[in-house]
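Next up, work-v1.pdb (PDB, C-alpha atoms, pLDDT in the B column):
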MODEL        1
ATOM      1  CA  MET A   1       8.397  -3.481  23.667  1.00 29.00           C
ATOM      2  CA  ARG A   2       7.148  -0.025  24.585  1.00 26.00           C
ATOM      3  CA  LEU A   3       3.446   0.599  24.035  1.00 30.00           C
ATOM      4  CA  ARG A   4       2.675   3.884  22.353  1.00 29.00           C
ATOM      5  CA  SER A   5      -0.149   6.269  23.119  1.00 30.00           C
ATOM      6  CA  TRP A   6      -1.808   5.739  19.730  1.00 32.00           C
ATOM      7  CA  HIS A   7      -3.202   2.320  20.551  1.00 33.00           C
ATOM      8  CA  VAL A   8      -6.938   2.312  20.124  1.00 36.00           C
ATOM      9  CA  GLY A   9      -7.904  -0.619  22.297  1.00 38.00           C
ATOM     10  CA  ALA A  10      -6.719  -3.281  24.663  1.00 37.00           C
ATOM     11  CA  THR A  11      -7.812  -6.616  26.040  1.00 37.00           C
ATOM     12  CA  ILE A  12      -6.938  -7.863  29.463  1.00 33.00           C
ATOM     13  CA  SER A  13      -6.871 -11.527  30.405  1.00 36.00           C
ATOM     14  CA  VAL A  14      -5.995 -13.276  33.637  1.00 35.00           C
ATOM     15  CA  VAL A  15      -4.123 -16.568  33.318  1.00 37.00           C
ATOM     16  CA  ASP A  16      -2.619 -18.293  36.358  1.00 39.00           C
ATOM     17  CA  CYS A  17      -2.861 -15.076  38.377  1.00 35.00           C
ATOM     18  CA  GLN A  18      -0.890 -13.116  35.765  1.00 38.00           C
ATOM     19  CA  ILE A  19      -2.424 -10.200  33.934  1.00 33.00           C
ATOM     20  CA  THR A  20      -1.693  -9.900  30.243  1.00 32.00           C
ATOM     21  CA  VAL A  21      -2.498  -6.742  28.341  1.00 35.00           C
ATOM     22  CA  ALA A  22      -2.671  -6.950  24.568  1.00 34.00           C
ATOM     23  CA  ALA A  23      -2.744  -3.632  22.769  1.00 37.00           C
ATOM     24  CA  PHE A  24      -4.465  -3.258  19.441  1.00 39.00           C
ATOM     25  CA  ARG A  25      -4.181  -0.741  16.649  1.00 44.00           C
ATOM     26  CA  GLY A  26      -6.482  -0.854  13.674  1.00 48.00           C
ATOM     27  CA  GLY A  27      -7.517  -4.424  14.459  1.00 49.00           C
ATOM     28  CA  LEU A  28      -3.914  -5.649  14.694  1.00 47.00           C
ATOM     29  CA  MET A  29      -1.871  -6.690  17.662  1.00 46.00           C
ATOM     30  CA  VAL A  30       0.883  -4.138  18.141  1.00 45.00           C
ATOM     31  CA  SER A  31       3.386  -6.985  17.879  1.00 45.00           C
ATOM     32  CA  ASP A  32       2.037  -7.694  14.350  1.00 67.00           C
ATOM     33  CA  LEU A  33       3.186  -4.293  13.110  1.00 83.00           C
ATOM     34  CA  VAL A  34       6.340  -4.305  11.033  1.00 86.00           C
ATOM     35  CA  ASP A  35       9.536  -2.761  12.355  1.00 91.00           C
ATOM     36  CA  PRO A  36       9.801   0.437  10.293  1.00 92.00           C
ATOM     37  CA  SER A  37      13.594   0.260  10.289  1.00 89.00           C
ATOM     38  CA  GLU A  38      13.244  -2.837   8.087  1.00 89.00           C
ATOM     39  CA  TYR A  39      11.463  -1.083   5.200  1.00 94.00           C
ATOM     40  CA  GLU A  40      13.471  -1.383   1.986  1.00 95.00           C
ATOM     41  CA  SER A  41      14.759   2.004   0.815  1.00 96.00           C
ATOM     42  CA  LEU A  42      13.435   1.408  -2.713  1.00 97.00           C
ATOM     43  CA  TYR A  43      10.029   0.492  -1.256  1.00 98.00           C
ATOM     44  CA  LEU A  44       9.961   3.867   0.499  1.00 97.00           C
ATOM     45  CA  ALA A  45      11.261   5.738  -2.555  1.00 98.00           C
ATOM     46  CA  GLY A  46       8.510   4.173  -4.677  1.00 98.00           C
ATOM     47  CA  ILE A  47       5.890   5.183  -2.128  1.00 98.00           C
ATOM     48  CA  GLN A  48       7.135   8.762  -2.198  1.00 98.00           C
ATOM     49  CA  LYS A  49       6.859   8.869  -6.004  1.00 98.00           C
ATOM     50  CA  PHE A  50       3.419   7.202  -5.849  1.00 98.00           C
ATOM     51  CA  ASN A  51       2.125   9.799  -3.373  1.00 98.00           C
ATOM     52  CA  GLU A  52       3.476  12.556  -5.630  1.00 98.00           C
ATOM     53  CA  CYS A  53       1.333  11.025  -8.422  1.00 97.00           C
ATOM     54  CA  ASP A  54       4.497  10.214 -10.364  1.00 98.00           C
ATOM     55  CA  TYR A  55       3.224   6.730 -11.183  1.00 98.00           C
ATOM     56  CA  TYR A  56       5.726   6.031 -13.930  1.00 98.00           C
ATOM     57  CA  GLU A  57       8.658   6.725 -11.606  1.00 98.00           C
ATOM     58  CA  SER A  58       7.129   4.784  -8.707  1.00 98.00           C
ATOM     59  CA  HIS A  59       6.756   1.829 -11.073  1.00 98.00           C
ATOM     60  CA  GLU A  60      10.388   2.197 -12.143  1.00 98.00           C
ATOM     61  CA  VAL A  61      11.672   2.332  -8.563  1.00 98.00           C
ATOM     62  CA  TRP A  62       9.585  -0.640  -7.407  1.00 98.00           C
ATOM     63  CA  GLU A  63      10.558  -2.584 -10.512  1.00 98.00           C
ATOM     64  CA  GLU A  64      14.219  -2.099  -9.617  1.00 97.00           C
ATOM     65  CA  LEU A  65      13.464  -3.590  -6.190  1.00 97.00           C
ATOM     66  CA  TRP A  66      11.303  -6.395  -7.626  1.00 97.00           C
ATOM     67  CA  THR A  67      13.883  -7.396 -10.266  1.00 96.00           C
ATOM     68  CA  GLU A  68      16.538  -8.271  -7.682  1.00 93.00           C
ATOM     69  CA  TYR A  69      14.249  -9.449  -4.871  1.00 94.00           C
ATOM     70  CA  ARG A  70      13.574 -13.189  -4.394  1.00 93.00           C
ATOM     71  CA  GLY A  71      11.789 -13.281  -1.031  1.00 94.00           C
ATOM     72  CA  PRO A  72       8.192 -13.594   0.165  1.00 95.00           C
ATOM     73  CA  SER A  73       7.341  -9.979  -0.722  1.00 95.00           C
ATOM     74  CA  ARG A  74       8.037 -10.390  -4.443  1.00 96.00           C
ATOM     75  CA  LYS A  75       4.374 -10.636  -5.506  1.00 97.00           C
ATOM     76  CA  PHE A  76       3.496  -7.788  -3.111  1.00 98.00           C
ATOM     77  CA  TYR A  77       5.954  -5.507  -4.886  1.00 98.00           C
ATOM     78  CA  GLN A  78       4.589  -6.707  -8.218  1.00 98.00           C
ATOM     79  CA  GLY A  79       1.088  -5.715  -7.090  1.00 98.00           C
ATOM     80  CA  LEU A  80       2.287  -2.212  -6.224  1.00 98.00           C
ATOM     81  CA  ILE A  81       3.969  -1.959  -9.631  1.00 98.00           C
ATOM     82  CA  GLN A  82       0.714  -2.993 -11.304  1.00 98.00           C
ATOM     83  CA  ALA A  83      -1.222  -0.394  -9.266  1.00 98.00           C
ATOM     84  CA  ALA A  84       1.189   2.354 -10.313  1.00 98.00           C
ATOM     85  CA  VAL A  85       0.999   1.351 -13.974  1.00 98.00           C
ATOM     86  CA  ALA A  86      -2.821   1.160 -13.856  1.00 97.00           C
ATOM     87  CA  LEU A  87      -2.950   4.709 -12.502  1.00 98.00           C
ATOM     88  CA  TYR A  88      -0.374   5.843 -15.052  1.00 97.00           C
ATOM     89  CA  HIS A  89      -2.523   4.405 -17.861  1.00 96.00           C
ATOM     90  CA  PHE A  90      -5.672   5.972 -16.407  1.00 95.00           C
ATOM     91  CA  GLY A  91      -3.986   9.364 -16.179  1.00 94.00           C
ATOM     92  CA  ASN A  92      -2.917   9.117 -19.823  1.00 93.00           C
ATOM     93  CA  GLY A  93      -6.355   8.093 -21.063  1.00 92.00           C
ATOM     94  CA  ASN A  94      -5.462   4.446 -21.660  1.00 92.00           C
ATOM     95  CA  ILE A  95      -8.618   3.178 -19.988  1.00 93.00           C
ATOM     96  CA  ARG A  96      -8.334  -0.282 -21.511  1.00 91.00           C
ATOM     97  CA  GLY A  97      -4.829  -0.721 -20.081  1.00 93.00           C
ATOM     98  CA  ALA A  98      -5.914   0.565 -16.679  1.00 95.00           C
ATOM     99  CA  ARG A  99      -8.883  -1.837 -16.642  1.00 94.00           C
ATOM    100  CA  LYS A 100      -6.673  -4.831 -17.472  1.00 93.00           C
ATOM    101  CA  LEU A 101      -4.301  -4.042 -14.620  1.00 96.00           C
ATOM    102  CA  HIS A 102      -7.022  -3.222 -12.072  1.00 95.00           C
ATOM    103  CA  GLY A 103      -7.908  -6.868 -11.493  1.00 89.00           C
ATOM    104  CA  SER A 104      -4.316  -8.045 -11.398  1.00 96.00           C
ATOM    105  CA  VAL A 105      -3.559  -5.637  -8.551  1.00 97.00           C
ATOM    106  CA  HIS A 106      -6.101  -7.458  -6.398  1.00 96.00           C
ATOM    107  CA  GLY A 107      -4.696 -10.814  -7.480  1.00 96.00           C
ATOM    108  CA  TYR A 108      -1.206  -9.878  -6.351  1.00 97.00           C
ATOM    109  CA  LEU A 109      -2.038  -8.023  -3.127  1.00 98.00           C
ATOM    110  CA  GLU A 110      -5.018  -9.850  -1.613  1.00 97.00           C
ATOM    111  CA  PRO A 111      -3.037 -13.009  -0.707  1.00 97.00           C
ATOM    112  CA  TYR A 112      -1.004 -10.855   1.699  1.00 96.00           C
ATOM    113  CA  GLY A 113      -4.053 -10.286   3.901  1.00 96.00           C
ATOM    114  CA  ALA A 114      -5.223  -7.081   5.517  1.00 96.00           C
ATOM    115  CA  TYR A 115      -1.785  -5.777   6.503  1.00 95.00           C
ATOM    116  CA  TYR A 116       1.662  -6.285   4.997  1.00 96.00           C
ATOM    117  CA  LEU A 117       4.927  -4.336   5.155  1.00 96.00           C
ATOM    118  CA  GLY A 118       3.264  -1.448   6.957  1.00 96.00           C
ATOM    119  CA  LEU A 119       0.437  -1.112   4.445  1.00 97.00           C
ATOM    120  CA  HIS A 120      -3.203  -1.630   5.409  1.00 96.00           C
ATOM    121  CA  LEU A 121      -4.078  -3.423   2.189  1.00 97.00           C
ATOM    122  CA  ASN A 122      -7.853  -3.355   2.607  1.00 96.00           C
ATOM    123  CA  GLN A 123      -7.782   0.440   2.889  1.00 97.00           C
ATOM    124  CA  PHE A 124      -5.382   0.795  -0.026  1.00 98.00           C
ATOM    125  CA  LEU A 125      -7.395  -1.508  -2.293  1.00 98.00           C
ATOM    126  CA  GLU A 126     -10.621   0.244  -1.331  1.00 98.00           C
ATOM    127  CA  SER A 127      -9.212   3.652  -2.300  1.00 98.00           C
ATOM    128  CA  PHE A 128      -7.688   2.155  -5.469  1.00 98.00           C
ATOM    129  CA  ASP A 129     -11.102   0.711  -6.389  1.00 97.00           C
ATOM    130  CA  VAL A 130     -12.881   4.022  -5.738  1.00 97.00           C
ATOM    131  CA  CYS A 131     -10.454   5.764  -8.072  1.00 97.00           C
ATOM    132  CA  LEU A 132     -10.876   3.172 -10.829  1.00 96.00           C
ATOM    133  CA  LYS A 133     -14.586   2.445 -10.255  1.00 96.00           C
ATOM    134  CA  GLU A 134     -15.739   3.723 -13.659  1.00 94.00           C
ATOM    135  CA  VAL A 135     -12.738   2.142 -15.366  1.00 93.00           C
ATOM    136  CA  ALA A 136     -13.500  -1.289 -13.892  1.00 93.00           C
ATOM    137  CA  ALA A 137     -17.206  -1.014 -14.750  1.00 92.00           C
ATOM    138  CA  SER A 138     -16.692   0.103 -18.345  1.00 89.00           C
ATOM    139  CA  THR A 139     -17.232  -2.436 -21.110  1.00 84.00           C
ATOM    140  CA  GLU A 140     -16.268  -0.124 -23.959  1.00 83.00           C
ATOM    141  CA  ASP A 141     -12.931  -0.551 -25.710  1.00 76.00           C
ATOM    142  CA  PHE A 142     -12.106   3.159 -25.715  1.00 78.00           C
ATOM    143  CA  PRO A 143     -14.340   4.943 -23.181  1.00 85.00           C
ATOM    144  CA  LYS A 144     -13.818   8.563 -22.237  1.00 88.00           C
ATOM    145  CA  ILE A 145     -13.461   8.585 -18.448  1.00 89.00           C
ATOM    146  CA  ASP A 146     -11.927  11.518 -16.627  1.00 88.00           C
ATOM    147  CA  LEU A 147      -9.649  11.026 -13.681  1.00 87.00           C
ATOM    148  CA  ASP A 148     -10.896  12.659 -10.480  1.00 92.00           C
ATOM    149  CA  PRO A 149      -7.790  13.870  -8.601  1.00 93.00           C
ATOM    150  CA  GLU A 150      -9.745  13.784  -5.334  1.00 96.00           C
ATOM    151  CA  THR A 151      -9.977   9.989  -5.533  1.00 96.00           C
ATOM    152  CA  LEU A 152      -6.303   9.227  -6.180  1.00 97.00           C
ATOM    153  CA  PRO A 153      -5.075   6.658  -3.659  1.00 97.00           C
ATOM    154  CA  GLU A 154      -2.124   7.335  -1.395  1.00 97.00           C
ATOM    155  CA  ILE A 155       0.107   5.004   0.566  1.00 97.00           C
ATOM    156  CA  HIS A 156       0.681   5.724   4.238  1.00 96.00           C
ATOM    157  CA  LEU A 157       2.645   3.151   6.193  1.00 96.00           C
ATOM    158  CA  ASP A 158       1.762   2.078   9.701  1.00 94.00           C
ATOM    159  CA  PRO A 159       4.035   2.537  11.496  1.00 94.00           C
ATOM    160  CA  PRO A 160       5.545   5.308   9.418  1.00 94.00           C
ATOM    161  CA  PRO A 161       9.150   4.999   8.323  1.00 93.00           C
ATOM    162  CA  PRO A 162      11.766   6.539  10.583  1.00 87.00           C
ATOM    163  CA  THR A 163      12.773  10.032   9.629  1.00 81.00           C
ATOM    164  CA  THR A 164      16.409  10.692   8.956  1.00 66.00           C
ATOM    165  CA  SER A 165      18.195  13.953   9.456  1.00 52.00           C
ATOM    166  CA  GLY A 166      18.152  15.969   6.274  1.00 48.00           C
ATOM    167  CA  ALA A 167      15.315  13.948   4.738  1.00 47.00           C
ATOM    168  CA  ALA A 168      12.987  16.935   4.925  1.00 44.00           C
ATOM    169  CA  ASN A 169      15.411  18.919   2.816  1.00 41.00           C
ATOM    170  CA  GLU A 170      15.604  16.414  -0.034  1.00 43.00           C
TER     171      GLU A 170
ENDMDL
END
What would the structure in this file look like if it were written as structure tokens?
Amino acid sequence: MRLRSWHVGATISVVDCQITVAAFRGGLMVSDLVDPSEYESLYLAGIQKFNECDYYESHEVWEELWTEYRGPSRKFYQGLIQAAVALYHFGNGNIRGARKLHGSVHGYLEPYGAYYLGLHLNQFLESFDVCLKEVAASTEDFPKIDLDPETLPEIHLDPPPPTTSGAANE
């Protein structure tokens, strides 16, 4: 494995006269990072739609992936779907619907720990919570809460997905 220049820290230990260097990035061992070539194409397509604030379409794309998928990431994808739908509801003024989904997002994603499939979940959930703070705190059935575009969460994978030729033109 080649170490990259973006590592933020390292530990060195001496065992039986051998030196071992462990590189860290964001609190993770570099070896813990996912291989970006293994990202599902629908996962990436959903992220693109999510970051464009097209929450309905990101939900649709991830739901297509989730419907056929039967592996360990199934609930993770379901959590992303719930996040997209919560933001869709919030953007359309359905505060009650957004509030109901807010908690379920945590329920689906938190079991995956701090990092999963390239996503730093603690950071994502924190930004998601900031965006829906008033929604989560509201006890009214039909409150009037305005969406602040500055607080909309984004998904940035670590490591980022590989770029393909022509992708910038799509």
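Point (6.1, 6.7, -11.8) has the following residues at most 8 Å away: A:Gly46, A:Lys49, A:Phe50, A:Cys53, A:Asp54, A:Tyr55, A:Tyr56, A:Glu57, A:Ser58, A:His59, A:Glu60, A:Val61, A:Ala84, A:Val85, A:Tyr88 (atoms considered: all atoms listed in the file).
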Query raised in the report: Which residues fall under the PyMOL selection byres ((chain A and resi 37) around 8) in this file, as JSON, numbers by chain?
Result: {"A": [35, 36, 38, 39, 161, 162]}
Take the selection from the previous step and output its residues with C-alpha atoms, as a short mmCIF file (atom, residue, chain, number, x, y, z; two decimals), keeping the file's coordinate frame.
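As a result, out11.cif now contains:
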data_model
loop_
_atom_site.label_atom_id
_atom_site.label_comp_id
_atom_site.auth_asym_id
_atom_site.auth_seq_id
_atom_site.Cartn_x
_atom_site.Cartn_y
_atom_site.Cartn_z
CA ASP A 35 9.54 -2.76 12.36
CA PRO A 36 9.80 0.44 10.29
CA GLU A 38 13.24 -2.84 8.09
CA TYR A 39 11.46 -1.08 5.20
CA PRO A 161 9.15 5.00 8.32
CA PRO A 162 11.77 6.54 10.58
#
**Report entry** Residue contacts of His156 in chain A (10 Å, all atoms listed in the file) excluding same-chain residues fewer than 4 positions away, as a list in words
**Finding:** Ile47, Gln48, Asn51, Gly118, Leu119, His120, Phe124, Pro160 and Pro161 of chain A
Any chance you could export the current selection's C-alpha atoms as a short mmCIF file (atom, residue, chain, number, x, y, z; two decimals), keeping the file's coordinate frame?
data_model
loop_
_atom_site.label_atom_id
_atom_site.label_comp_id
_atom_site.auth_asym_id
_atom_site.auth_seq_id
_atom_site.Cartn_x
_atom_site.Cartn_y
_atom_site.Cartn_z
CA ILE A 47 5.89 5.18 -2.13
CA GLN A 48 7.14 8.76 -2.20
CA ASN A 51 2.12 9.80 -3.37
CA GLY A 118 3.26 -1.45 6.96
CA LEU A 119 0.44 -1.11 4.44
CA HIS A 120 -3.20 -1.63 5.41
CA PHE A 124 -5.38 0.80 -0.03
CA PRO A 160 5.54 5.31 9.42
CA PRO A 161 9.15 5.00 8.32
#
**Report entry** Length of the CA of His102 in chain A to CA of Gly79 in chain A vector [Å]
**Finding:**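 Interatomic distance, CA of His102 in chain A to CA of Gly79 in chain A: 9.8 Å.
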**Report entry** Within 12 Å of range 69-78 of chain A using only C-alpha atoms, minus same-chain residues under 2 positions, as number ranges by chain
**Finding:** A: 39-40, 42-44, 46-47, 58-67, 80-85, 101, 104-113, 115-119, 121
